[in-house]
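Reproduced below: run-v9.tsv, with TSV, C-alpha atoms and all ligand atoms.
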```
chain	number	residue	atom	x	y	z
A	128	MET	CA	31.43	-12.01	6.88
A	129	SER	CA	32.45	-8.59	8.13
A	130	ARG	CA	29.83	-5.86	8.39
A	131	GLU	CA	31.50	-3.96	5.58
A	132	ARG	CA	31.40	-6.98	3.28
A	133	MET	CA	27.74	-7.54	4.12
A	134	GLU	CA	26.89	-3.95	3.27
A	135	GLU	CA	28.75	-4.23	0.00
A	136	TYR	CA	26.93	-7.43	-0.84
A	137	PHE	CA	23.60	-5.82	0.12
A	138	GLN	CA	24.18	-2.77	-2.09
A	139	ALA	CA	25.38	-4.97	-4.96
A	140	THR	CA	22.15	-6.97	-4.73
A	141	ILE	CA	20.15	-3.76	-4.99
A	142	ASP	CA	22.30	-2.37	-7.81
A	143	ALA	CA	21.67	-5.58	-9.74
A	144	ASP	CA	17.94	-4.85	-9.33
A	145	GLN	CA	17.39	-7.92	-7.21
A	146	LYS	CA	15.00	-7.92	-4.28
A	147	ILE	CA	15.70	-8.01	-0.59
A	148	GLU	CA	13.48	-10.50	1.26
A	149	PRO	CA	12.50	-10.47	4.97
A	150	LYS	CA	15.15	-12.84	6.30
A	151	ASP	CA	18.03	-11.42	4.25
A	152	TRP	CA	20.62	-9.34	6.01
A	153	MET	CA	19.94	-5.60	5.71
A	154	PRO	CA	21.42	-2.48	7.31
A	155	ASP	CA	19.46	-1.23	10.32
A	156	ALA	CA	18.87	2.11	8.64
A	157	TYR	CA	17.29	0.39	5.61
A	158	ARG	CA	14.97	-1.56	7.92
A	159	LYS	CA	14.06	1.57	9.86
A	160	THR	CA	13.42	3.63	6.75
A	161	LEU	CA	11.15	0.92	5.38
A	162	ILE	CA	9.24	0.52	8.64
A	163	ARG	CA	8.67	4.27	8.74
A	164	GLN	CA	7.64	4.55	5.10
A	165	ILE	CA	5.47	1.43	4.88
A	166	SER	CA	3.69	2.12	8.16
A	167	GLN	CA	3.04	5.74	7.18
A	168	HIS	CA	1.66	4.43	3.95
A	169	ALA	CA	-0.55	1.90	5.77
A	170	HIS	CA	-1.81	4.57	8.17
A	171	SER	CA	-2.66	6.79	5.19
A	172	GLU	CA	-4.82	4.07	3.64
A	173	ILE	CA	-6.69	3.58	6.92
A	174	VAL	CA	-7.14	7.26	7.83
A	175	GLY	CA	-7.99	7.87	4.17
A	176	MET	CA	-11.22	5.96	4.67
A	177	LEU	CA	-12.57	8.66	7.00
A	178	PRO	CA	-13.13	11.62	4.64
A	179	GLU	CA	-14.89	9.36	2.13
A	180	GLY	CA	-16.75	7.39	4.78
A	181	ASN	CA	-18.44	10.70	5.55
A	182	TRP	CA	-20.38	10.40	2.27
A	183	ILE	CA	-21.32	6.72	2.17
A	184	THR	CA	-24.70	7.34	3.79
A	185	ARG	CA	-25.27	10.45	1.68
A	186	ALA	CA	-24.31	9.18	-1.77
A	187	PRO	CA	-26.84	10.45	-4.33
A	188	ASN	CA	-27.97	6.99	-5.48
A	189	LEU	CA	-27.47	3.29	-4.92
A	190	ARG	CA	-24.93	2.85	-7.73
A	191	ARG	CA	-22.72	5.61	-6.32
A	192	LYS	CA	-23.13	4.26	-2.83
A	193	ALA	CA	-22.13	0.71	-3.79
A	194	ALA	CA	-19.08	2.01	-5.68
A	195	LEU	CA	-17.97	4.26	-2.82
A	196	LEU	CA	-18.45	1.47	-0.32
A	197	ALA	CA	-16.32	-0.84	-2.47
A	198	LYS	CA	-13.63	1.81	-2.82
A	199	VAL	CA	-13.46	2.48	0.90
A	200	GLN	CA	-13.31	-1.27	1.53
A	201	ASP	CA	-10.39	-1.47	-0.92
A	202	GLU	CA	-8.55	1.18	1.10
A	203	ALA	CA	-8.98	-0.94	4.25
A	204	GLY	CA	-7.48	-3.83	2.28
A	205	HIS	CA	-4.58	-1.65	1.15
A	206	GLY	CA	-3.91	-0.76	4.77
A	207	LEU	CA	-3.85	-4.42	5.62
A	208	TYR	CA	-1.51	-5.45	2.77
A	209	LEU	CA	0.87	-2.74	3.91
A	210	TYR	CA	0.73	-3.52	7.63
A	211	SER	CA	1.47	-7.14	6.70
A	212	ALA	CA	4.45	-6.10	4.57
A	213	CYS	CA	5.69	-3.92	7.42
A	214	GLU	CA	5.37	-6.75	9.94
A	215	THR	CA	7.80	-8.86	7.88
A	216	LEU	CA	10.46	-6.40	9.07
A	217	GLY	CA	10.00	-7.57	12.64
A	218	VAL	CA	7.59	-5.02	14.05
A	219	GLU	CA	4.24	-5.88	15.65
A	220	ARG	CA	0.92	-4.56	14.33
A	221	GLU	CA	-0.06	-3.32	17.78
A	222	GLU	CA	3.13	-1.27	17.97
A	223	LEU	CA	2.41	0.35	14.61
A	224	LEU	CA	-1.12	1.24	15.66
A	225	ASP	CA	0.14	2.67	18.95
A	226	GLN	CA	2.48	4.94	16.99
A	227	LEU	CA	-0.43	6.19	14.89
A	228	HIS	CA	-2.72	6.71	17.85
A	229	SER	CA	-0.13	8.54	19.94
A	230	GLY	CA	0.53	10.92	17.04
A	231	GLN	CA	4.13	9.74	16.77
A	232	ALA	CA	3.62	8.29	13.28
A	233	LYS	CA	2.43	10.43	10.39
A	234	TYR	CA	-0.03	9.75	7.60
A	235	SER	CA	-0.62	11.61	4.36
A	236	SER	CA	-1.70	15.18	5.15
A	237	ILE	CA	-4.29	15.20	2.39
A	238	PHE	CA	-6.68	13.32	4.68
A	239	ASN	CA	-6.75	16.21	7.13
A	240	TYR	CA	-8.97	18.19	4.78
A	241	PRO	CA	-12.77	17.97	5.08
A	242	THR	CA	-15.21	16.57	2.50
A	243	LEU	CA	-17.81	19.34	2.32
A	244	THR	CA	-19.87	18.33	-0.71
A	245	TRP	CA	-20.52	15.27	-2.88
A	246	ALA	CA	-18.19	16.75	-5.50
A	247	ASP	CA	-15.35	16.24	-3.02
A	248	ILE	CA	-15.81	12.49	-3.44
A	249	GLY	CA	-15.32	12.96	-7.18
A	250	ALA	CA	-12.29	15.19	-6.65
A	251	ILE	CA	-10.71	12.77	-4.19
A	252	GLY	CA	-11.02	9.79	-6.52
A	253	TRP	CA	-9.76	11.78	-9.48
A	254	LEU	CA	-6.98	13.80	-7.83
A	255	VAL	CA	-6.02	12.09	-4.57
A	256	ASP	CA	-6.15	8.55	-5.91
A	257	GLY	CA	-4.61	9.86	-9.14
A	258	ALA	CA	-1.66	11.31	-7.23
A	259	ALA	CA	-1.43	8.14	-5.15
A	260	ILE	CA	-1.20	6.04	-8.33
A	261	MET	CA	1.57	8.31	-9.64
A	262	ASN	CA	3.48	7.78	-6.39
A	263	GLN	CA	2.75	4.10	-6.12
A	264	VAL	CA	3.47	2.73	-9.58
A	265	PRO	CA	7.27	3.16	-9.19
A	266	LEU	CA	7.01	1.50	-5.75
A	267	CYS	CA	5.98	-1.75	-7.47
A	268	ARG	CA	9.69	-2.03	-8.38
A	269	CYS	CA	10.98	-1.08	-4.93
A	270	SER	CA	13.90	-3.15	-3.63
A	271	TYR	CA	12.04	-4.70	-0.69
A	272	GLY	CA	10.11	-7.73	-1.95
A	273	PRO	CA	7.05	-7.71	0.36
A	274	TYR	CA	6.52	-3.96	-0.15
A	275	ALA	CA	6.84	-4.27	-3.93
A	276	ARG	CA	4.37	-7.16	-4.02
A	277	ALA	CA	1.86	-5.29	-1.87
A	278	MET	CA	2.15	-2.32	-4.21
A	279	VAL	CA	1.41	-4.47	-7.25
A	280	ARG	CA	-1.88	-5.57	-5.69
A	281	ILE	CA	-2.71	-2.02	-4.65
A	282	CYS	CA	-1.99	-0.48	-8.03
A	283	LYS	CA	-4.26	-3.01	-9.74
A	284	GLU	CA	-7.11	-1.82	-7.52
A	285	GLU	CA	-6.45	1.92	-7.63
A	286	SER	CA	-7.43	2.44	-11.22
A	287	PHE	CA	-11.12	1.84	-10.46
A	288	HIS	CA	-10.88	4.45	-7.69
A	289	GLN	CA	-9.63	7.12	-10.00
A	290	ARG	CA	-12.10	6.33	-12.75
A	291	GLN	CA	-15.12	6.36	-10.43
A	292	GLY	CA	-13.96	9.76	-9.14
A	293	TYR	CA	-13.55	11.21	-12.60
A	294	GLU	CA	-16.95	9.84	-13.60
A	295	ILE	CA	-18.54	11.69	-10.68
A	296	MET	CA	-16.84	14.91	-11.83
A	297	LEU	CA	-17.93	14.32	-15.40
A	298	THR	CA	-21.55	13.82	-14.36
A	299	LEU	CA	-21.52	17.00	-12.28
A	300	CYS	CA	-19.83	19.01	-15.03
A	301	ARG	CA	-22.47	17.90	-17.53
A	302	GLY	CA	-25.26	18.70	-15.08
A	303	SER	CA	-26.83	21.96	-13.91
A	304	ASP	CA	-24.87	25.18	-13.35
A	305	GLU	CA	-24.96	24.54	-9.62
A	306	GLN	CA	-23.54	21.07	-10.08
A	307	LYS	CA	-20.75	22.34	-12.28
A	308	ALA	CA	-19.98	25.08	-9.75
A	309	MET	CA	-19.79	22.41	-7.08
A	310	ALA	CA	-17.26	20.47	-9.15
A	311	GLN	CA	-15.19	23.62	-9.69
A	312	ASP	CA	-15.28	24.39	-5.97
A	313	ALA	CA	-14.05	20.89	-5.13
A	314	LEU	CA	-11.20	21.22	-7.64
A	315	ASN	CA	-10.29	24.60	-6.12
A	316	ARG	CA	-10.00	23.10	-2.68
A	317	TRP	CA	-8.26	19.79	-3.55
A	318	TRP	CA	-5.82	20.89	-6.25
A	319	TRP	CA	-3.02	22.30	-4.10
A	320	PRO	CA	-3.22	19.69	-1.35
A	321	ALA	CA	-3.03	17.04	-4.12
A	322	LEU	CA	0.18	18.61	-5.47
A	323	MET	CA	1.59	18.60	-1.93
A	324	MET	CA	1.07	14.82	-1.76
A	325	PHE	CA	4.32	14.38	-3.67
A	326	GLY	CA	6.24	15.85	-0.75
A	327	PRO	CA	8.72	18.72	-0.46
A	328	ASN	CA	10.73	19.98	-3.41
A	329	ASP	CA	13.72	17.81	-4.24
A	330	LYS	CA	16.22	20.20	-2.75
A	331	GLU	CA	14.32	20.23	0.57
A	332	SER	CA	13.62	16.52	0.73
A	333	THR	CA	15.65	14.97	3.54
A	334	HIS	CA	15.34	11.24	2.96
A	335	SER	CA	15.32	11.20	-0.82
A	336	GLU	CA	18.95	10.62	-1.70
A	337	GLN	CA	19.50	7.56	0.49
A	338	SER	CA	16.12	6.13	-0.52
A	339	MET	CA	17.09	6.48	-4.18
A	340	LYS	CA	20.33	4.63	-3.54
A	341	TRP	CA	18.43	1.83	-1.84
A	342	ARG	CA	15.86	1.84	-4.64
A	343	ILE	CA	13.03	2.33	-2.19
A	344	LYS	CA	12.33	5.46	-4.15
A	345	ARG	CA	12.99	5.61	-7.86
A	346	ILE	CA	11.65	8.90	-9.11
A	347	SER	CA	12.03	12.27	-7.39
A	348	ASN	CA	9.16	14.22	-5.79
A	349	ASP	CA	9.34	17.06	-8.30
A	350	GLU	CA	9.41	14.76	-11.29
A	351	LEU	CA	6.37	12.82	-10.09
A	352	ARG	CA	4.55	16.07	-9.38
A	353	GLN	CA	5.28	17.34	-12.88
A	354	ARG	CA	4.00	14.11	-14.41
A	355	PHE	CA	0.82	14.43	-12.36
A	356	VAL	CA	0.26	18.02	-13.51
A	357	ASP	CA	0.89	17.11	-17.15
A	358	MET	CA	-1.58	14.26	-16.92
A	359	THR	CA	-4.29	16.07	-14.96
A	360	VAL	CA	-4.58	19.50	-16.57
A	361	PRO	CA	-5.94	18.12	-19.86
A	362	GLN	CA	-8.45	16.07	-17.84
A	363	ALA	CA	-9.64	19.27	-16.14
A	364	ASP	CA	-9.89	20.92	-19.57
A	365	PHE	CA	-12.10	18.08	-20.74
A	366	LEU	CA	-14.37	18.62	-17.74
A	367	GLY	CA	-14.49	22.31	-18.57
A	368	ILE	CA	-13.24	23.44	-15.16
A	369	GLN	CA	-10.00	25.24	-14.29
A	370	VAL	CA	-7.21	24.38	-11.88
A	371	PRO	CA	-6.90	27.25	-9.38
A	372	ASP	CA	-3.47	28.43	-10.54
A	373	PRO	CA	-3.07	31.67	-12.55
A	374	ASP	CA	0.49	30.64	-13.47
A	375	MET	CA	-0.55	27.35	-15.03
A	376	LYS	CA	0.35	27.31	-18.71
A	377	TRP	CA	1.67	24.99	-21.37
A	378	ASN	CA	5.34	25.49	-22.04
A	379	GLU	CA	6.06	24.66	-25.66
A	380	SER	CA	9.84	24.54	-25.19
A	381	THR	CA	9.88	22.09	-22.25
A	382	GLY	CA	6.84	20.09	-23.33
A	383	HIS	CA	5.41	20.43	-19.81
A	384	TYR	CA	2.96	22.63	-17.94
A	385	ASP	CA	4.53	25.39	-15.85
A	386	PHE	CA	2.77	25.94	-12.55
A	387	GLY	CA	2.87	28.41	-9.69
A	388	PRO	CA	4.63	28.08	-6.32
A	389	ILE	CA	3.22	25.73	-3.70
A	390	ASN	CA	2.38	27.14	-0.29
A	391	TRP	CA	4.74	25.03	1.79
A	392	ASP	CA	3.84	26.88	4.99
A	393	GLU	CA	0.38	25.42	4.69
A	394	PHE	CA	1.85	21.98	4.06
A	395	TRP	CA	4.10	22.03	7.14
A	396	ASN	CA	1.34	23.49	9.23
A	397	VAL	CA	-0.93	20.55	8.39
A	398	VAL	CA	1.91	18.06	8.91
A	399	LYS	CA	2.47	19.53	12.36
A	400	GLY	CA	-1.13	18.80	13.28
A	401	ASN	CA	-2.90	22.07	12.56
A	402	GLY	CA	-4.89	21.12	9.48
A	403	PRO	CA	-8.67	21.49	9.51
A	404	CYS	CA	-9.30	17.87	10.54
A	405	ASN	CA	-6.14	16.47	12.18
A	406	ARG	CA	-7.69	16.17	15.63
A	407	GLU	CA	-10.96	14.78	14.34
A	408	ARG	CA	-9.21	12.09	12.24
A	409	LEU	CA	-7.01	10.89	15.05
A	410	LYS	CA	-9.88	10.91	17.50
A	411	ALA	CA	-11.98	8.76	15.15
A	412	ARG	CA	-9.14	6.24	14.78
A	413	VAL	CA	-8.44	6.00	18.49
A	414	GLN	CA	-12.13	5.68	19.28
A	415	ALA	CA	-12.61	2.89	16.72
A	416	HIS	CA	-9.62	1.04	18.13
A	417	GLU	CA	-10.69	1.39	21.75
A	418	GLU	CA	-14.31	0.54	21.13
A	419	GLY	CA	-13.23	-2.56	19.20
A	420	SER	CA	-10.94	-3.87	21.91
A	421	TRP	CA	-13.60	-5.97	23.66
A	422	VAL	CA	-14.39	-7.64	20.32
A	423	ARG	CA	-10.76	-8.54	19.78
A	424	GLU	CA	-10.46	-9.91	23.31
A	425	ALA	CA	-13.71	-11.86	23.11
A	426	ALA	CA	-12.74	-13.43	19.77
A	427	MET	CA	-9.41	-14.54	21.21
A	428	ALA	CA	-11.03	-15.94	24.36
A	429	TYR	CA	-13.58	-17.83	22.25
A	430	ALA	CA	-10.85	-19.26	20.02
A	431	GLU	CA	-8.87	-20.43	23.07
A	432	LYS	CA	-11.94	-22.03	24.61
A	433	ARG	CA	-12.76	-23.91	21.42
A	434	LYS	CA	-9.19	-25.13	21.16
A	435	GLN	CA	-9.25	-26.39	24.74
A	436	ARG	CA	-12.58	-28.14	24.24
A	437	ALA	CA	-11.27	-29.86	21.12
A	438	GLU	CA	-8.20	-31.03	23.01
A	439	GLU	CA	-10.32	-32.38	25.88
A	440	ARG	CA	-12.55	-34.24	23.45
A	441	ALA	CA	-9.51	-35.76	21.76
A	442	ARG	CA	-8.20	-36.94	25.13
A	443	VAL	CA	-11.49	-38.57	26.09
A	444	ALA	CA	-11.92	-40.33	22.77
B	157	MET	CA	-1.75	-12.11	27.19
B	158	LYS	CA	-0.28	-10.92	23.92
B	159	LYS	CA	-2.50	-8.24	22.45
B	160	ASP	CA	-2.32	-9.08	18.74
B	161	TRP	CA	-4.25	-11.97	17.26
B	162	PRO	CA	-1.91	-14.61	15.82
B	163	LEU	CA	-0.46	-14.03	12.35
B	164	TRP	CA	-1.52	-16.31	9.46
B	165	GLU	CA	0.03	-16.75	6.03
B	166	VAL	CA	-2.45	-16.86	3.16
B	167	PHE	CA	-2.15	-19.02	0.04
B	168	ILE	CA	-4.57	-18.81	-2.87
B	169	ARG	CA	-5.30	-21.08	-5.82
B	170	SER	CA	-6.45	-18.81	-8.59
B	171	LYS	CA	-7.96	-21.65	-10.63
B	172	ASN	CA	-7.92	-25.42	-10.79
B	173	GLY	CA	-4.76	-26.69	-12.39
B	174	LEU	CA	-2.55	-24.15	-10.61
B	175	SER	CA	-0.85	-24.44	-7.23
B	176	HIS	CA	-1.74	-22.37	-4.21
B	177	LYS	CA	0.50	-19.32	-4.10
B	178	HIS	CA	1.52	-17.18	-1.14
B	179	VAL	CA	-0.25	-13.80	-1.30
B	180	GLY	CA	0.37	-12.21	2.10
B	181	SER	CA	-0.63	-12.49	5.71
B	182	LEU	CA	-3.21	-11.31	8.21
B	183	HIS	CA	-4.15	-11.54	11.87
B	184	ALA	CA	-7.08	-13.65	13.04
B	185	ALA	CA	-8.21	-15.27	16.28
B	186	ASP	CA	-8.61	-18.72	14.70
B	187	ALA	CA	-8.41	-20.62	11.42
B	188	GLN	CA	-12.04	-20.02	10.46
B	189	MET	CA	-11.69	-16.27	10.94
B	190	ALA	CA	-8.40	-16.34	9.03
B	191	ILE	CA	-10.13	-17.99	6.05
B	192	GLU	CA	-12.99	-15.51	6.11
B	193	ASN	CA	-10.71	-12.49	6.44
B	194	ALA	CA	-8.48	-13.85	3.66
B	195	ARG	CA	-11.53	-14.03	1.42
B	196	ASP	CA	-12.46	-10.42	2.19
B	197	VAL	CA	-8.95	-9.09	1.86
B	198	TYR	CA	-7.33	-11.12	-0.91
B	199	THR	CA	-10.17	-12.25	-3.18
B	200	ARG	CA	-12.42	-9.24	-3.68
B	201	ARG	CA	-12.14	-9.53	-7.47
B	202	GLY	CA	-12.30	-13.22	-8.21
B	203	GLU	CA	-8.60	-13.82	-7.53
B	204	GLY	CA	-9.21	-17.27	-6.14
B	205	ILE	CA	-11.28	-20.41	-5.83
B	206	SER	CA	-9.45	-21.96	-2.89
B	207	ILE	CA	-7.68	-20.56	0.16
B	208	TRP	CA	-5.16	-22.10	2.54
B	209	VAL	CA	-4.21	-20.40	5.78
B	210	VAL	CA	-1.31	-21.51	7.97
B	211	GLU	CA	-0.36	-19.96	11.25
B	212	SER	CA	2.96	-18.25	10.58
B	213	ARG	CA	4.70	-19.79	13.58
B	214	HIS	CA	4.24	-23.25	12.04
B	215	ILE	CA	6.36	-22.42	9.00
B	216	THR	CA	9.98	-23.51	9.10
B	217	ALA	CA	12.19	-21.71	6.61
B	218	SER	CA	15.70	-22.34	5.31
B	219	SER	CA	18.15	-19.68	6.31
B	220	PRO	CA	19.30	-17.08	3.77
B	221	ASP	CA	22.73	-16.98	5.47
B	222	GLN	CA	23.40	-20.49	4.26
B	223	ILE	CA	22.22	-20.14	0.69
B	224	GLU	CA	25.58	-21.25	-0.68
B	225	ALA	CA	26.26	-24.15	1.65
B	226	PHE	CA	22.67	-25.30	1.29
B	227	PHE	CA	22.06	-25.00	-2.45
B	228	ASP	CA	25.52	-25.19	-4.06
B	229	PRO	CA	25.84	-28.97	-3.95
B	230	ALA	CA	23.26	-29.10	-6.75
B	231	ASN	CA	25.34	-26.86	-9.02
B	232	ASP	CA	28.11	-29.32	-9.84
B	233	LYS	CA	25.73	-32.08	-10.83
B	234	VAL	CA	25.43	-31.08	-14.46
B	235	TYR	CA	24.47	-34.64	-15.38
B	236	ARG	CA	21.03	-33.87	-13.93
B	237	HIS	CA	20.28	-31.70	-16.95
B	238	PRO	CA	19.27	-33.14	-20.33
B	239	THR	CA	21.83	-31.00	-22.21
B	240	PHE	CA	24.64	-32.96	-20.52
B	241	TYR	CA	23.98	-35.86	-22.86
B	242	LYS	CA	25.29	-35.31	-26.39
B	243	LEU	CA	23.48	-37.37	-28.97
B	244	PRO	CA	24.13	-37.60	-32.72
B	245	ASP	CA	22.11	-35.17	-34.88
B	246	GLU	CA	20.45	-38.05	-36.75
B	247	VAL	CA	18.55	-39.09	-33.65
B	248	ASP	CA	15.18	-37.35	-33.54
B	249	HIS	CA	12.40	-36.79	-30.99
B	250	ILE	CA	14.56	-37.23	-27.90
C	1	FE	FE	-5.36	2.87	-1.55
C	2	FE	FE	-7.51	4.37	-3.63
```
For this file, write the structure as structure tokens.
Amino acid sequence: MSRERMEEYFQATIDADQKIEPKDWMPDAYRKTLIRQISQHAHSEIVGMLPEGNWITRAPNLRRKAALLAKVQDEAGHGLYLYSACETLGVEREELLDQLHSGQAKYSSIFNYPTLTWADIGAIGWLVDGAAIMNQVPLCRCSYGPYARAMVRICKEESFHQRQGYEIMLTLCRGSDEQKAMAQDALNRWWWPALMMFGPNDKESTHSEQSMKWRIKRISNDELRQRFVDMTVPQADFLGIQVPDPDMKWNESTGHYDFGPINWDEFWNVVKGNGPCNRERLKARVQAHEEGSWVREAAMAYAEKRKQRAEERARVA
Amino acid sequence: MKKDWPLWEVFIRSKNGLSHKHVGSLHAADAQMAIENARDVYTRRGEGISIWVVESRHITASSPDQIEAFFDPANDKVYRHPTFYKLPDEVDHI
């Protein structure tokens, strides 16, 4: 089959809403786009454990601690599902990790903000996991089979994350004045970065159009962001705290909330590595990887030795 | 030496009466570690009661390039389907 015919066949498969599987023919650019997107996504899950990990030892009680521990463990699992999906495209895990550690690969900028108080753990679960769910649900129908299947597993697990976060906020907002102020402060700091999680405005978004055509992406950044705002503002109202946006108001004619402009300079500045915690996050990842290397080598050496011994025993017997 | 641990494919039986189903893959130094990691990664919420792991390099797969040549011969054998056989309406339970 000619290359042109193969591309036609490929696009027709996608247009018919059928999945592409690892060994199927695919254009190089499709493969590359997926490797970039899935690995970025995997890195985000892994780096995303760091801000919350900061509070595991300081959780206010055992119930909160167990829940946070379980949530952070889930995120490690999400990272693994996604690295596995990415590896089906013919890239090695080690290579993906090298790209993260060298700073060549990106991860979601939201994780470059610090977790200053316990309320931040509530705000992260509620807003960051909430935004992640909004982004991830349409990915369950993405055209690449292994990615779509990984997303189905992930989405099933995310809902607990968001609910435990909102429950923390609810408890604080029903508590003392100081506790409520703490919740408000966390919302003030996480609101705008959460809105930035949906990526640049549609007209600035470079990869969107092709990704839509390939059905890797199905809903535009701005539309997802709007849905998130519409869903979240009433939840803030219920808590009795306010999103930090003087322009936020219900628009009767559109049936949506209008909101103020996003500070994209801040967004790009954090993407470029100048957020409050970029260096710290990367350092923690690299350190964990390097300090674990002797464990990985020892486990491999032990496995080889056991295999050899078993073979020798079989020969003797 | 290659740096990554070998890759394993993971199959899980969600309950007795159902087959093991492929759920994903992971890296592990040996089979025992693969089973334990599969438990931690793929069955954190009671998704399974039995796990199989197979080192990925041991799986032989049919090629997607030959789907037609490989699977088409079955398509013209309509007599393999029960609807091929027309029976009178009076005959019941068959
Ligand atoms: Fe996650
Ligand atoms: Fe999550």
Within 8 Å of chain A: residues of chain B, using only C-alpha atoms, as a PyMOL selection string: chain B and resi 159-161+180-182+185-186+197-198+219-221
Give me, as a ChimeraX atom specification, the set of residues whose atoms come within 9 Å of any atom of ligand FE 1 (chain C), counting all atoms listed in the file. /A:169,171-173,175,198-199,201-206,256,259-260,281-282,284-285,288
Output file for the selection above: C-alpha atoms, as a PDB file, in the frame of the given file:
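What landed in selection_21.pdb:
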```pdb
ATOM      1  CA  ALA A 169      -0.550   1.900   5.770  1.00  0.00           C
ATOM      2  CA  SER A 171      -2.660   6.790   5.190  1.00  0.00           C
ATOM      3  CA  GLU A 172      -4.820   4.070   3.640  1.00  0.00           C
ATOM      4  CA  ILE A 173      -6.690   3.580   6.920  1.00  0.00           C
ATOM      5  CA  GLY A 175      -7.990   7.870   4.170  1.00  0.00           C
ATOM      6  CA  LYS A 198     -13.630   1.810  -2.820  1.00  0.00           C
ATOM      7  CA  VAL A 199     -13.460   2.480   0.900  1.00  0.00           C
ATOM      8  CA  ASP A 201     -10.390  -1.470  -0.920  1.00  0.00           C
ATOM      9  CA  GLU A 202      -8.550   1.180   1.100  1.00  0.00           C
ATOM     10  CA  ALA A 203      -8.980  -0.940   4.250  1.00  0.00           C
ATOM     11  CA  GLY A 204      -7.480  -3.830   2.280  1.00  0.00           C
ATOM     12  CA  HIS A 205      -4.580  -1.650   1.150  1.00  0.00           C
ATOM     13  CA  GLY A 206      -3.910  -0.760   4.770  1.00  0.00           C
ATOM     14  CA  ASP A 256      -6.150   8.550  -5.910  1.00  0.00           C
ATOM     15  CA  ALA A 259      -1.430   8.140  -5.150  1.00  0.00           C
ATOM     16  CA  ILE A 260      -1.200   6.040  -8.330  1.00  0.00           C
ATOM     17  CA  ILE A 281      -2.710  -2.020  -4.650  1.00  0.00           C
ATOM     18  CA  CYS A 282      -1.990  -0.480  -8.030  1.00  0.00           C
ATOM     19  CA  GLU A 284      -7.110  -1.820  -7.520  1.00  0.00           C
ATOM     20  CA  GLU A 285      -6.450   1.920  -7.630  1.00  0.00           C
ATOM     21  CA  HIS A 288     -10.880   4.450  -7.690  1.00  0.00           C
TER      22      HIS A 288
END
```
Neighbours of region 354-358 of chain A within 9 Å (all atoms listed in the file; same-chain residues fewer than 5 positions away dropped), as an NGL selection string? :A and (257-258 or 261 or 322 or 349 or 377 or 383-386)
For the atom pair CA of Ala193 (chain A) and CA of Gly180 (chain A), what is the interatomic distance in Å to one decimal place? 12.1 Å
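Those DNA, RNA and protein residues that approach the point (-3.8, -19.5, 1.3) to within 10 Å, considering all atoms listed in the file, are Trp164, Glu165, Val166, Phe167, Ile168, Arg169, His176, Lys177, His178, Val179, Gly180, Ser181, Ala190, Ile191, Ala194, Arg195, Tyr198, Gly204, Ser206, Ile207, Trp208, Val209 and Val210 of chain B.
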Separation of CA of Arg345 (chain A) from CA of Glu135 (chain A) in Å: 20.2 Å
Which residue gives the smallest distance to ligand FE 2 (chain C) among A:Leu196, A:Ala308, A:Ile346, A:Leu299, with only C-alpha atoms and all ligand atoms counted?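 Ranking A:Leu196, A:Ala308, A:Ile346, A:Leu299 by distance to ligand FE 2 (chain C), first place goes to A:Leu196.
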How many Å separate CA of Leu174 (chain B) from CA of Thr199 (chain B)?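 CA of Thr199 (chain B) lies at a distance of 16.0 Å from CA of Leu174 (chain B).
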As a PyMOL selection string, please: the residues near Ile162 (chain A) (cut-off 9 Å, all atoms listed in the file, same-chain neighbours under 5 positions excluded). chain A and resi 157+167+213-214+216+218
Dump C-alpha atoms for the selected residues as a PDB file, in the coordinates of the input?
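result-v1.pdb, written as the output of this step:
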```pdb
ATOM      1  CA  TYR A 157      17.290   0.390   5.610  1.00  0.00           C
ATOM      2  CA  GLN A 167       3.040   5.740   7.180  1.00  0.00           C
ATOM      3  CA  CYS A 213       5.690  -3.920   7.420  1.00  0.00           C
ATOM      4  CA  GLU A 214       5.370  -6.750   9.940  1.00  0.00           C
ATOM      5  CA  LEU A 216      10.460  -6.400   9.070  1.00  0.00           C
ATOM      6  CA  VAL A 218       7.590  -5.020  14.050  1.00  0.00           C
TER       7      VAL A 218
END
```
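Across A:Gly217, A:Pro154, A:Gly292, A:Gly230, the tightest approach to ligand FE 2 (chain C) is made by A:Gly292 when counting all atoms listed in the file.
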So which one's closest to Leu177 (chain A), A:Met278, A:Pro388, A:Asp304, A:Arg412? Using only C-alpha atoms, please. A:Arg412
Counting all atoms listed in the file, what is within 7 Å of Leu266 (chain A), bar same-chain residues fewer than 2 positions away, as a list of chain:residue names? A:Gln263, A:Val264, A:Arg268, A:Cys269, A:Ala275, A:Met278, A:Lys344
Go through A:Leu254, A:Met128, A:Leu243, A:Leu297 one by one, measure the shortest atom-to-atom distance of each to ligand FE 2 (chain C) using all atoms listed in the file, and give the residue with the smallest value. A:Leu254
